[in-house]
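The structure file start-v8.csv is reproduced below (CSV, C-alpha atoms).
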```csv
chain,number,residue,atom,x,y,z
A,1,MET,CA,-1.5,63.0,-152.3
A,2,ALA,CA,0.4,61.8,-155.4
A,3,PRO,CA,1.6,58.2,-155.3
A,4,ARG,CA,5.2,59.2,-156.0
A,5,SER,CA,5.5,61.4,-153.0
A,6,VAL,CA,4.1,58.7,-150.7
A,7,GLY,CA,6.6,56.1,-151.9
A,8,ALA,CA,10.3,56.3,-151.6
A,9,GLY,CA,10.5,60.1,-151.6
A,10,PRO,CA,12.5,62.0,-154.2
A,11,ARG,CA,14.3,58.9,-155.2
A,12,GLY,CA,11.1,57.5,-156.8
A,13,LEU,CA,10.8,53.9,-158.0
A,14,ARG,CA,13.9,52.2,-159.3
A,15,ALA,CA,14.1,49.8,-162.2
A,16,PRO,CA,12.7,46.4,-161.4
A,17,PRO,CA,15.5,44.1,-160.1
A,18,LEU,CA,16.5,41.0,-162.0
A,19,LEU,CA,14.6,38.6,-159.8
A,20,LEU,CA,11.2,40.4,-160.3
A,21,LEU,CA,11.7,40.2,-164.1
A,22,LEU,CA,12.5,36.5,-163.9
A,23,LEU,CA,9.8,35.6,-161.3
A,24,PRO,CA,7.2,34.5,-164.0
A,25,LEU,CA,9.7,31.8,-165.1
A,26,LEU,CA,9.7,30.4,-161.5
A,27,TRP,CA,6.0,30.7,-161.3
A,28,LEU,CA,5.3,28.9,-164.6
A,29,ARG,CA,8.0,26.2,-164.1
A,30,PRO,CA,6.9,22.9,-165.8
A,31,ALA,CA,5.2,20.5,-163.5
A,32,ALA,CA,7.6,17.8,-164.4
A,33,GLY,CA,10.1,19.5,-162.1
A,34,HIS,CA,8.1,18.3,-159.0
A,35,GLY,CA,9.3,14.8,-159.4
A,36,GLY,CA,13.0,15.8,-159.9
A,37,ARG,CA,15.9,14.5,-157.9
A,38,TYR,CA,15.9,17.4,-155.5
A,39,SER,CA,12.2,17.7,-155.1
A,40,ARG,CA,11.1,18.1,-151.5
A,41,GLU,CA,7.8,16.6,-152.3
A,42,ARG,CA,9.6,13.4,-153.5
A,43,ASN,CA,12.3,13.2,-150.9
A,44,GLU,CA,10.7,14.7,-147.8
A,45,PRO,CA,6.9,14.1,-147.9
A,46,GLY,CA,6.6,15.3,-144.4
A,47,GLY,CA,8.4,18.6,-145.1
A,48,GLU,CA,7.4,22.2,-144.2
A,49,PHE,CA,5.8,22.9,-147.6
A,50,ARG,CA,4.0,20.9,-150.2
A,51,MET,CA,4.9,23.3,-153.1
A,52,GLU,CA,8.4,22.9,-154.5
A,53,LYS,CA,9.0,26.6,-155.2
A,54,LEU,CA,8.1,27.5,-151.6
A,55,SER,CA,10.2,24.7,-150.2
A,56,GLN,CA,13.1,26.1,-152.2
A,57,LEU,CA,12.6,29.5,-150.8
A,58,TRP,CA,12.3,28.2,-147.3
A,59,ASP,CA,15.3,25.9,-147.5
A,60,LYS,CA,17.6,28.5,-149.0
A,61,ALA,CA,16.6,31.1,-146.5
A,62,ARG,CA,16.9,28.8,-143.5
A,63,ARG,CA,20.4,27.6,-144.6
A,64,GLY,CA,21.6,31.0,-145.6
A,65,ARG,CA,23.0,29.6,-148.9
A,66,PHE,CA,22.4,31.8,-151.9
A,67,LEU,CA,23.1,31.8,-155.6
A,68,PRO,CA,24.9,34.7,-157.3
A,69,ALA,CA,22.8,36.8,-159.7
A,70,VAL,CA,24.8,35.5,-162.8
A,71,ALA,CA,24.0,31.8,-161.9
A,72,LEU,CA,20.3,32.8,-161.3
A,73,ALA,CA,20.0,34.4,-164.7
A,74,HIS,CA,21.7,31.4,-166.4
A,75,ARG,CA,19.3,28.9,-164.8
A,76,ALA,CA,16.3,31.1,-165.5
A,77,ALA,CA,17.2,31.3,-169.2
A,78,SER,CA,17.4,27.6,-169.4
A,79,CYS,CA,14.1,27.2,-167.5
A,80,GLN,CA,15.9,25.3,-164.8
A,81,MET,CA,15.8,27.8,-162.0
A,82,SER,CA,16.1,26.1,-158.7
A,83,SER,CA,16.8,29.1,-156.5
A,84,VAL,CA,15.4,32.6,-156.2
A,85,LEU,CA,17.8,33.9,-153.6
A,86,VAL,CA,20.7,36.2,-154.8
A,87,LEU,CA,22.1,37.8,-151.7
A,88,GLN,CA,24.4,36.6,-149.0
A,89,LEU,CA,21.8,37.3,-146.3
A,90,GLN,CA,21.3,35.7,-143.0
A,91,LEU,CA,17.8,36.0,-141.5
A,92,SER,CA,17.4,36.0,-137.8
A,93,PRO,CA,15.2,33.3,-136.1
A,94,VAL,CA,12.4,35.8,-135.7
A,95,GLU,CA,12.6,36.8,-139.3
A,96,LEU,CA,12.6,33.2,-140.4
A,97,SER,CA,9.5,32.5,-138.3
A,98,GLU,CA,7.8,35.4,-140.0
A,99,LEU,CA,8.9,34.2,-143.5
A,100,HIS,CA,7.6,30.7,-142.7
A,101,ALA,CA,4.2,32.1,-141.8
A,102,ASP,CA,4.0,34.3,-144.9
A,103,LEU,CA,4.9,31.3,-147.1
A,104,LYS,CA,2.3,29.1,-145.4
A,105,ILE,CA,-0.3,31.8,-146.2
A,106,GLN,CA,0.9,31.9,-149.7
A,107,GLU,CA,0.7,28.1,-150.1
A,108,ARG,CA,-2.8,28.1,-148.6
A,109,ASP,CA,-3.9,30.8,-151.1
A,110,GLU,CA,-2.3,29.0,-154.0
A,111,PHE,CA,-4.1,25.7,-153.3
A,112,SER,CA,-7.4,27.6,-153.0
A,113,TRP,CA,-6.7,29.2,-156.3
A,114,LYS,CA,-6.0,25.8,-158.0
A,115,LYS,CA,-9.4,24.6,-156.9
A,116,LEU,CA,-11.1,27.7,-158.3
A,117,LYS,CA,-9.2,27.4,-161.6
A,118,ALA,CA,-10.2,23.8,-161.9
A,119,GLU,CA,-13.8,24.9,-161.5
A,120,GLY,CA,-13.3,27.6,-164.2
A,121,LEU,CA,-13.7,30.5,-161.7
A,122,ASP,CA,-10.6,32.5,-162.5
A,123,GLU,CA,-11.1,33.1,-166.2
A,124,ASP,CA,-9.6,36.6,-166.2
A,125,GLY,CA,-6.5,35.4,-164.3
A,126,GLU,CA,-6.9,38.1,-161.7
A,127,LYS,CA,-6.6,35.8,-158.7
A,128,GLU,CA,-3.4,34.2,-160.2
A,129,ALA,CA,-2.0,37.7,-160.8
A,130,LYS,CA,-2.7,38.6,-157.2
A,131,LEU,CA,-0.8,35.5,-156.0
A,132,ILE,CA,2.2,36.6,-158.0
A,133,ARG,CA,2.0,40.1,-156.6
A,134,ASN,CA,1.8,38.6,-153.1
A,135,LEU,CA,4.9,36.5,-153.7
A,136,ASN,CA,6.7,39.7,-155.0
A,137,VAL,CA,5.9,41.4,-151.7
A,138,ILE,CA,7.3,38.4,-149.6
A,139,LEU,CA,10.5,38.5,-151.6
A,140,ALA,CA,11.0,42.2,-151.1
A,141,LYS,CA,10.0,42.1,-147.5
A,142,TYR,CA,12.8,39.6,-146.5
A,143,GLY,CA,15.4,41.0,-148.9
A,144,LEU,CA,15.1,38.0,-151.3
A,145,ASP,CA,14.5,40.1,-154.4
A,146,GLY,CA,18.1,41.0,-155.3
A,147,ARG,CA,18.1,44.4,-153.6
A,148,LYS,CA,20.8,45.0,-151.0
A,149,ASP,CA,18.5,47.4,-149.0
A,150,ALA,CA,15.2,45.6,-149.5
A,151,ARG,CA,14.9,44.0,-146.1
A,152,ALA,CA,11.9,45.4,-144.2
A,153,VAL,CA,12.1,45.5,-140.5
A,154,SER,CA,9.2,43.6,-138.9
A,155,GLY,CA,6.6,45.6,-137.0
A,156,ASN,CA,7.4,43.2,-134.1
A,157,ALA,CA,11.2,43.7,-134.2
A,158,LEU,CA,12.9,43.5,-130.8
A,159,GLY,CA,14.1,46.7,-129.4
A,160,ASP,CA,13.9,50.1,-131.1
A,161,GLY,CA,16.7,49.4,-133.7
A,162,THR,CA,16.9,53.2,-134.2
A,163,GLU,CA,20.7,53.2,-134.7
A,164,GLN,CA,20.7,50.4,-137.2
A,165,ASP,CA,17.5,50.8,-139.3
A,166,GLY,CA,16.6,53.9,-141.3
A,167,LEU,CA,13.1,54.9,-142.2
A,168,GLU,CA,13.9,55.6,-145.9
A,169,ASP,CA,11.9,58.7,-146.0
A,170,PRO,CA,13.2,62.2,-144.9
A,171,ARG,CA,9.7,63.1,-143.6
A,172,LEU,CA,9.6,60.0,-141.3
A,173,GLU,CA,13.2,60.6,-140.1
A,174,LYS,CA,12.3,64.2,-139.2
A,175,LEU,CA,9.1,63.2,-137.4
A,176,TRP,CA,11.0,60.5,-135.4
A,177,HIS,CA,13.8,62.8,-134.4
A,178,LYS,CA,11.3,65.4,-133.1
A,179,ALA,CA,9.3,62.8,-131.2
A,180,LYS,CA,12.5,61.2,-129.7
A,181,THR,CA,13.8,64.6,-128.5
A,182,SER,CA,10.5,66.1,-127.4
A,183,GLY,CA,10.4,64.6,-123.9
A,184,LYS,CA,6.7,63.7,-124.4
A,185,PHE,CA,7.3,60.0,-124.6
A,186,SER,CA,8.4,57.4,-122.0
A,187,ARG,CA,10.8,54.6,-123.1
A,188,ASP,CA,7.9,52.2,-123.6
A,189,GLU,CA,6.0,54.8,-125.6
A,190,LEU,CA,9.0,55.4,-127.8
A,191,ASP,CA,9.3,51.7,-128.5
A,192,LYS,CA,5.6,51.6,-129.4
A,193,LEU,CA,6.0,54.7,-131.7
A,194,TRP,CA,9.0,53.2,-133.4
A,195,ARG,CA,7.0,50.1,-134.2
A,196,GLU,CA,4.4,52.3,-135.8
A,197,PHE,CA,7.1,54.0,-137.9
A,198,GLN,CA,8.5,50.7,-139.0
A,199,HIS,CA,5.0,49.4,-139.8
A,200,HIS,CA,4.4,52.5,-142.0
A,201,LYS,CA,7.7,51.9,-143.8
A,202,GLU,CA,6.7,48.3,-144.6
A,203,LYS,CA,3.4,49.4,-146.0
A,204,VAL,CA,5.1,51.9,-148.3
A,205,ARG,CA,7.5,49.1,-149.5
A,206,GLU,CA,4.6,46.8,-150.2
A,207,TYR,CA,2.8,49.5,-152.1
A,208,ASN,CA,5.9,50.2,-154.3
A,209,VAL,CA,6.3,46.4,-155.1
A,210,LEU,CA,2.6,46.2,-156.2
A,211,LEU,CA,3.0,49.4,-158.2
A,212,GLU,CA,6.0,48.0,-160.0
A,213,THR,CA,4.2,44.7,-160.7
A,214,LEU,CA,1.1,46.6,-162.1
A,215,SER,CA,3.3,48.8,-164.2
A,216,ARG,CA,5.1,45.8,-165.8
A,217,THR,CA,1.7,44.1,-166.4
A,218,GLU,CA,0.3,47.1,-168.2
A,219,GLU,CA,3.5,47.6,-170.2
A,220,THR,CA,3.4,43.9,-171.3
A,221,GLN,CA,-0.2,44.1,-172.4
A,222,GLU,CA,0.4,47.4,-174.3
A,223,ASN,CA,3.2,45.8,-176.2
A,224,ALA,CA,1.2,42.6,-176.9
A,225,ILE,CA,-2.1,44.0,-178.0
A,226,SER,CA,-3.5,47.3,-179.4
A,227,PRO,CA,-5.8,49.4,-177.2
A,228,GLU,CA,-8.9,48.5,-179.2
A,229,ASP,CA,-8.3,44.8,-178.6
A,230,VAL,CA,-8.5,45.2,-174.8
A,231,SER,CA,-11.5,43.3,-173.7
A,232,HIS,CA,-14.0,44.4,-171.1
A,233,MET,CA,-12.9,41.7,-168.8
A,234,GLN,CA,-9.2,42.8,-169.0
A,235,ALA,CA,-10.2,46.4,-168.4
A,236,GLU,CA,-12.1,45.3,-165.2
A,237,VAL,CA,-9.1,43.3,-164.0
A,238,LEU,CA,-6.8,46.3,-164.4
A,239,GLY,CA,-9.4,48.5,-162.7
A,240,SER,CA,-9.5,46.2,-159.7
A,241,ARG,CA,-5.7,46.3,-159.4
A,242,HIS,CA,-5.8,50.1,-159.5
A,243,ALA,CA,-8.5,50.0,-156.8
A,244,GLU,CA,-6.2,47.8,-154.6
A,245,LEU,CA,-3.4,50.3,-155.0
A,246,GLN,CA,-5.7,53.2,-154.2
A,247,ASP,CA,-6.9,51.4,-151.0
A,248,ARG,CA,-3.2,50.9,-150.0
A,249,LEU,CA,-2.4,54.5,-150.8
A,250,ARG,CA,-5.3,55.7,-148.8
A,251,GLY,CA,-4.1,53.7,-145.8
A,252,ILE,CA,-0.5,55.1,-146.2
A,253,SER,CA,-1.9,58.6,-146.3
A,254,GLN,CA,-4.0,58.0,-143.2
A,255,GLY,CA,-1.0,56.3,-141.4
A,256,LEU,CA,1.2,59.3,-142.2
A,257,ASP,CA,-1.4,61.7,-140.8
A,258,ARG,CA,-1.6,59.6,-137.6
A,259,LEU,CA,2.2,59.6,-137.2
A,260,ARG,CA,2.3,63.4,-137.6
A,261,LYS,CA,-0.4,63.8,-134.9
A,262,VAL,CA,1.1,61.3,-132.4
A,263,SER,CA,4.7,62.7,-132.9
A,264,HIS,CA,3.6,66.2,-132.1
A,265,GLN,CA,1.0,65.5,-129.4
A,266,GLY,CA,2.1,62.3,-127.8
A,267,TYR,CA,-0.1,59.4,-126.9
A,268,GLY,CA,-3.3,60.2,-125.1
A,269,GLY,CA,-4.7,58.1,-122.3
A,270,ASP,CA,-7.7,57.1,-124.3
A,271,ALA,CA,-6.0,55.1,-127.0
A,272,GLU,CA,-8.2,52.2,-128.0
A,273,PHE,CA,-5.4,49.9,-129.4
A,274,GLU,CA,-1.6,49.8,-129.2
A,275,GLU,CA,-0.5,47.4,-131.9
A,276,PRO,CA,0.1,49.2,-135.3
A,277,ARG,CA,-1.7,46.6,-137.4
A,278,VAL,CA,-4.8,46.7,-135.1
A,279,ILE,CA,-4.8,50.6,-135.2
A,280,ASP,CA,-4.8,50.4,-139.0
A,281,LEU,CA,-7.6,48.0,-139.1
A,282,TRP,CA,-9.7,50.0,-136.7
A,283,ASP,CA,-9.2,53.2,-138.7
A,284,LEU,CA,-10.2,51.5,-141.9
A,285,ALA,CA,-13.2,49.8,-140.2
A,286,ARG,CA,-14.6,53.1,-139.0
A,287,SER,CA,-14.6,54.5,-142.5
A,288,ALA,CA,-16.1,51.3,-144.0
A,289,ASN,CA,-19.8,50.6,-144.6
A,290,PHE,CA,-20.4,48.8,-141.3
A,291,THR,CA,-23.5,49.2,-139.3
A,292,GLU,CA,-23.2,50.4,-135.7
A,293,LYS,CA,-23.7,46.8,-134.4
A,294,GLU,CA,-21.2,45.4,-136.9
A,295,LEU,CA,-18.6,48.0,-136.0
A,296,GLU,CA,-19.0,47.1,-132.3
A,297,LEU,CA,-18.6,43.4,-133.0
A,298,PHE,CA,-15.5,44.2,-135.1
A,299,ARG,CA,-14.0,46.2,-132.3
A,300,GLU,CA,-14.4,43.3,-129.9
A,301,GLU,CA,-12.7,41.0,-132.4
A,302,LEU,CA,-9.9,43.4,-132.8
A,303,LYS,CA,-9.3,43.3,-129.0
A,304,HIS,CA,-9.0,39.5,-129.2
A,305,PHE,CA,-6.7,39.9,-132.2
A,306,GLU,CA,-4.4,42.3,-130.3
A,307,VAL,CA,-4.1,39.7,-127.5
A,308,LYS,CA,-3.1,37.1,-130.0
A,309,ILE,CA,-0.5,39.5,-131.4
A,310,GLU,CA,0.9,40.2,-127.9
A,311,LYS,CA,1.2,36.5,-127.3
A,312,HIS,CA,3.1,36.1,-130.6
A,313,ASN,CA,5.4,39.0,-129.7
A,314,HIS,CA,6.1,37.3,-126.4
A,315,TYR,CA,7.2,34.1,-128.1
A,316,GLN,CA,9.3,36.0,-130.6
A,317,LYS,CA,11.2,37.6,-127.8
A,318,GLN,CA,11.6,34.3,-126.1
A,319,LEU,CA,12.9,32.7,-129.3
A,320,GLU,CA,15.5,35.5,-129.8
A,321,ILE,CA,16.7,35.0,-126.1
A,322,SER,CA,16.8,31.3,-126.6
A,323,HIS,CA,18.8,31.7,-129.8
A,324,GLN,CA,21.4,33.9,-128.1
A,325,LYS,CA,21.6,31.5,-125.1
A,326,LEU,CA,22.0,28.5,-127.4
A,327,LYS,CA,24.9,30.1,-129.2
A,328,HIS,CA,26.6,30.8,-125.9
A,329,VAL,CA,26.0,27.2,-124.6
A,330,GLU,CA,27.3,25.7,-127.8
A,331,ARG,CA,30.6,27.5,-127.3
A,332,PHE,CA,31.1,26.9,-123.6
A,333,GLY,CA,28.6,24.4,-122.3
A,334,ASP,CA,28.6,20.6,-122.0
A,335,HIS,CA,26.7,18.1,-124.1
A,336,GLU,CA,23.7,18.0,-121.7
A,337,HIS,CA,23.3,21.7,-121.6
A,338,VAL,CA,23.5,22.0,-125.4
A,339,SER,CA,20.9,19.3,-125.8
A,340,ARG,CA,18.5,20.8,-123.3
A,341,ASN,CA,18.8,24.3,-124.9
A,342,LYS,CA,18.4,22.9,-128.4
A,343,GLU,CA,15.1,21.2,-127.3
A,344,ARG,CA,13.8,24.5,-125.8
A,345,TYR,CA,14.8,26.4,-128.9
A,346,ALA,CA,13.1,23.9,-131.2
A,347,MET,CA,9.9,24.1,-129.1
A,348,LEU,CA,9.9,27.9,-129.2
A,349,GLU,CA,10.7,28.0,-132.9
A,350,GLU,CA,7.7,25.8,-133.7
A,351,LYS,CA,5.4,27.7,-131.4
A,352,THR,CA,6.5,31.0,-132.9
A,353,LYS,CA,5.9,29.8,-136.4
A,354,GLU,CA,2.5,28.4,-135.4
A,355,LEU,CA,1.4,31.7,-133.8
A,356,GLY,CA,2.8,33.7,-136.7
A,357,TYR,CA,0.6,31.8,-139.1
A,358,LYS,CA,-2.5,32.3,-137.0
A,359,VAL,CA,-1.8,36.0,-136.7
A,360,LYS,CA,-1.3,36.5,-140.4
A,361,LYS,CA,-4.3,34.4,-141.3
A,362,HIS,CA,-6.5,36.4,-138.8
A,363,LEU,CA,-5.1,39.6,-140.2
A,364,GLN,CA,-5.9,38.5,-143.8
A,365,ASP,CA,-9.5,37.6,-142.8
A,366,LEU,CA,-10.1,40.9,-141.0
A,367,SER,CA,-8.7,42.9,-143.9
A,368,SER,CA,-10.9,41.0,-146.4
A,369,ARG,CA,-14.0,41.8,-144.3
A,370,ILE,CA,-13.1,45.5,-144.3
A,371,SER,CA,-12.4,45.4,-148.1
A,372,ARG,CA,-15.7,43.8,-148.8
A,373,ALA,CA,-17.5,46.4,-146.7
A,374,ARG,CA,-15.7,49.3,-148.4
A,375,HIS,CA,-16.5,48.0,-151.9
A,376,ASN,CA,-20.1,47.5,-151.0
A,377,GLU,CA,-20.3,51.3,-150.8
A,378,LEU,CA,-19.6,51.6,-154.5
```

I'd like the structure from this file rewritten - as structure tokens, please.
Amino acid sequence: MAPRSVGAGPRGLRAPPLLLLLLPLLWLRPAAGHGGRYSRERNEPGGEFRMEKLSQLWDKARRGRFLPAVALAHRAASCQMSSVLVLQLQLSPVELSELHADLKIQERDEFSWKKLKAEGLDEDGEKEAKLIRNLNVILAKYGLDGRKDARAVSGNALGDGTEQDGLEDPRLEKLWHKAKTSGKFSRDELDKLWREFQHHKEKVREYNVLLETLSRTEETQENAISPEDVSHMQAEVLGSRHAELQDRLRGISQGLDRLRKVSHQGYGGDAEFEEPRVIDLWDLARSANFTEKELELFREELKHFEVKIEKHNHYQKQLEISHQKLKHVERFGDHEHVSRNKERYAMLEEKTKELGYKVKKHLQDLSSRISRARHNEL
């Protein structure tokens, strides 16, 4: 299956938005900025994030205050960019908790990379490039990359959202319509299937972001140096990036085949897992170079991982309910009721962020194990 057909359909890839072209300026911002007047590290040592650029992302997303694109371009040109948000976009409490977890993972990975770099273990810059790609994915996932339609719906979104959220691919829309009108699915099964469709859409979006990033990297290198000057190390780096894209493309293809099968046949009674991310991991693990014993141990770990996800989903739902209740109480309740509901909301918010980080870290670790097993085959 060709990459273009798996992506955004006949529309193909659009030109990179302004933010993605300016992102390296944010990434390479001079270290002196960390001690500036508005530095969270300086003013709020106990803040959410230790890295200034991630603190800026989080603060702006949480407050719902965004710079227009013109101001963004002006600040970037003067190397004084202090915001990377360009849309008037309000994230829900659940989306904010997911963003928080993603930024925490990003921060952990960046600090790990800094240690490696200090030891001279990232000479080719591949790990740094991967961190930039990961940040690109985060920006696109939450609509922070300057695209009006870039917000991806979380695989854990509440309700089916079928009237509000499109699937961005005519093939998926057609499959969903057939499944919804087939009479083969209960209400709970339709909710489960919708989460699988949304998870697939998010994977396609992440693939397209990585593809754009790789295309820009290759174009930059082609303009800077002649082909005969490309070192063996640089060729290996580009090769590894293409391998990552191929892995993701393979996963997208397998996911689409699964959606076709389930949409036509319904869910069987012998389904091993229900959570889309766990289903993906299990499918990849079975095709990896695991021994029979290793595969069985991995299966058991996936069962524990699915329980962790279900617990996280529960807290996400409670957080959304608490948010709605708090809005109502703030309008009609007395001070005591407002205070009590604020305390409960704050507790649920912290617990949801904590579980979200644990889920994403566990997912990252499991995916890395599969990736190592798959590449050991080569």

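Checking A:His199, A:His314, A:His264, A:Lys353 one by one against Val278 of chain A, counting all atoms listed in the file, you find the shortest gap at A:His199.
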
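For the pair atom CA of Arg216 of chain A and atom CA of Lys360 of chain A, the interatomic distance is 27.8 Å.
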
- Task: Write out as an MDAnalysis selection string each polymer residue whose atoms come within 12 Å of His100 of chain A, counting all atoms listed in the file; drop sequence neighbours fewer than 5 positions from it.
- Result: chainID A and resid 48:49 54:59 61:62 91 93:95 105:107 138 142 349:358 360

- Have a look at atom CA of Lys192 of chain A and atom CA of Asp247 of chain A and let me know their distance in Å, one decimal.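 Atom CA of Lys192 of chain A sits 25.0 Å away from atom CA of Asp247 of chain A.
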
- Message: What does the structure give for the distance between atom CA of Ile321 of chain A and atom CA of Glu189 of chain A, in Å to one decimal?
- Response: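 If I compute the distance from atom CA of Ile321 of chain A to atom CA of Glu189 of chain A, I get 22.5 Å.
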
Report, as JSON, the axis-aligned box around all atoms of segment 203-215 of chain A present in the file, extended by 3 Å on each side; give centre and edge lengths in Å to one decimal place.
```
{"center_x": 4.3, "center_y": 48.3, "center_z": -155.1, "size_x": 12.4, "size_y": 13.2, "size_z": 24.2}
```

- Message: Here is a test: counting only C-alpha atoms, which residue of A:Glu320, A:Glu110, A:Glu128, A:Glu294 is nearest to Ala346 of chain A?
- Response: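 Distance minimum relative to Ala346 of chain A lands on A:Glu320.
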
Around (-15.3, 52.1, -146.5), as given in the file, which residues come within 9 Å? Count only C-alpha atoms and list them as a short mmCIF file (atom, residue, chain, number, x, y, z; two decimals) with C-alpha atoms, in the frame of the given file.
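As written to disk, point-v4.cif reads:
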```cif
data_model
loop_
_atom_site.label_atom_id
_atom_site.label_comp_id
_atom_site.auth_asym_id
_atom_site.auth_seq_id
_atom_site.Cartn_x
_atom_site.Cartn_y
_atom_site.Cartn_z
CA LEU A 284 -10.20 51.50 -141.90
CA ALA A 285 -13.20 49.80 -140.20
CA ARG A 286 -14.60 53.10 -139.00
CA SER A 287 -14.60 54.50 -142.50
CA ALA A 288 -16.10 51.30 -144.00
CA ASN A 289 -19.80 50.60 -144.60
CA PHE A 290 -20.40 48.80 -141.30
CA ILE A 370 -13.10 45.50 -144.30
CA SER A 371 -12.40 45.40 -148.10
CA ARG A 372 -15.70 43.80 -148.80
CA ALA A 373 -17.50 46.40 -146.70
CA ARG A 374 -15.70 49.30 -148.40
CA HIS A 375 -16.50 48.00 -151.90
CA ASN A 376 -20.10 47.50 -151.00
CA GLU A 377 -20.30 51.30 -150.80
#
```

- Message: My list of candidates is A:Lys141, A:His362, A:Arg250, A:Arg260. Which is closest to Glu98 of chain A when distances are computed with only C-alpha atoms?
- Response: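 Once distances to Glu98 of chain A are computed over only C-alpha atoms, the minimum belongs to A:Lys141.
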
Just add N, CA and C atoms to segment 101-115 of chain A and send it as a tab-separated table (two decimals), keeping the file's coordinate frame.
```tsv
chain	number	residue	atom	x	y	z
A	101	ALA	N	5.61	31.87	-141.81
A	101	ALA	CA	4.20	32.10	-141.80
A	101	ALA	C	3.67	32.73	-143.07
A	102	ASP	N	4.44	33.66	-143.65
A	102	ASP	CA	4.00	34.30	-144.90
A	102	ASP	C	3.97	33.22	-146.03
A	103	LEU	N	4.94	32.31	-146.06
A	103	LEU	CA	4.90	31.30	-147.10
A	103	LEU	C	3.79	30.29	-146.89
A	104	LYS	N	3.42	30.02	-145.63
A	104	LYS	CA	2.30	29.10	-145.40
A	104	LYS	C	0.98	29.78	-145.87
A	105	ILE	N	0.83	31.07	-145.64
A	105	ILE	CA	-0.30	31.80	-146.20
A	105	ILE	C	-0.34	31.74	-147.68
A	106	GLN	N	0.82	31.96	-148.29
A	106	GLN	CA	0.90	31.90	-149.70
A	106	GLN	C	0.54	30.54	-150.27
A	107	GLU	N	1.02	29.49	-149.62
A	107	GLU	CA	0.70	28.10	-150.10
A	107	GLU	C	-0.80	27.85	-149.94
A	108	ARG	N	-1.39	28.26	-148.82
A	108	ARG	CA	-2.80	28.10	-148.60
A	108	ARG	C	-3.61	28.75	-149.76
A	109	ASP	N	-3.22	29.99	-150.06
A	109	ASP	CA	-3.90	30.80	-151.10
A	109	ASP	C	-3.75	30.13	-152.48
A	110	GLU	N	-2.56	29.60	-152.74
A	110	GLU	CA	-2.30	29.00	-154.00
A	110	GLU	C	-3.14	27.71	-154.23
A	111	PHE	N	-3.24	26.90	-153.19
A	111	PHE	CA	-4.10	25.70	-153.30
A	111	PHE	C	-5.55	26.06	-153.49
A	112	SER	N	-5.98	27.12	-152.81
A	112	SER	CA	-7.40	27.60	-153.00
A	112	SER	C	-7.60	28.03	-154.42
A	113	TRP	N	-6.59	28.74	-154.97
A	113	TRP	CA	-6.70	29.20	-156.30
A	113	TRP	C	-6.78	28.03	-157.33
A	114	LYS	N	-5.99	27.00	-157.09
A	114	LYS	CA	-6.00	25.80	-158.00
A	114	LYS	C	-7.38	25.20	-158.05
A	115	LYS	N	-8.05	25.16	-156.91
A	115	LYS	CA	-9.40	24.60	-156.90
A	115	LYS	C	-10.36	25.50	-157.70
```
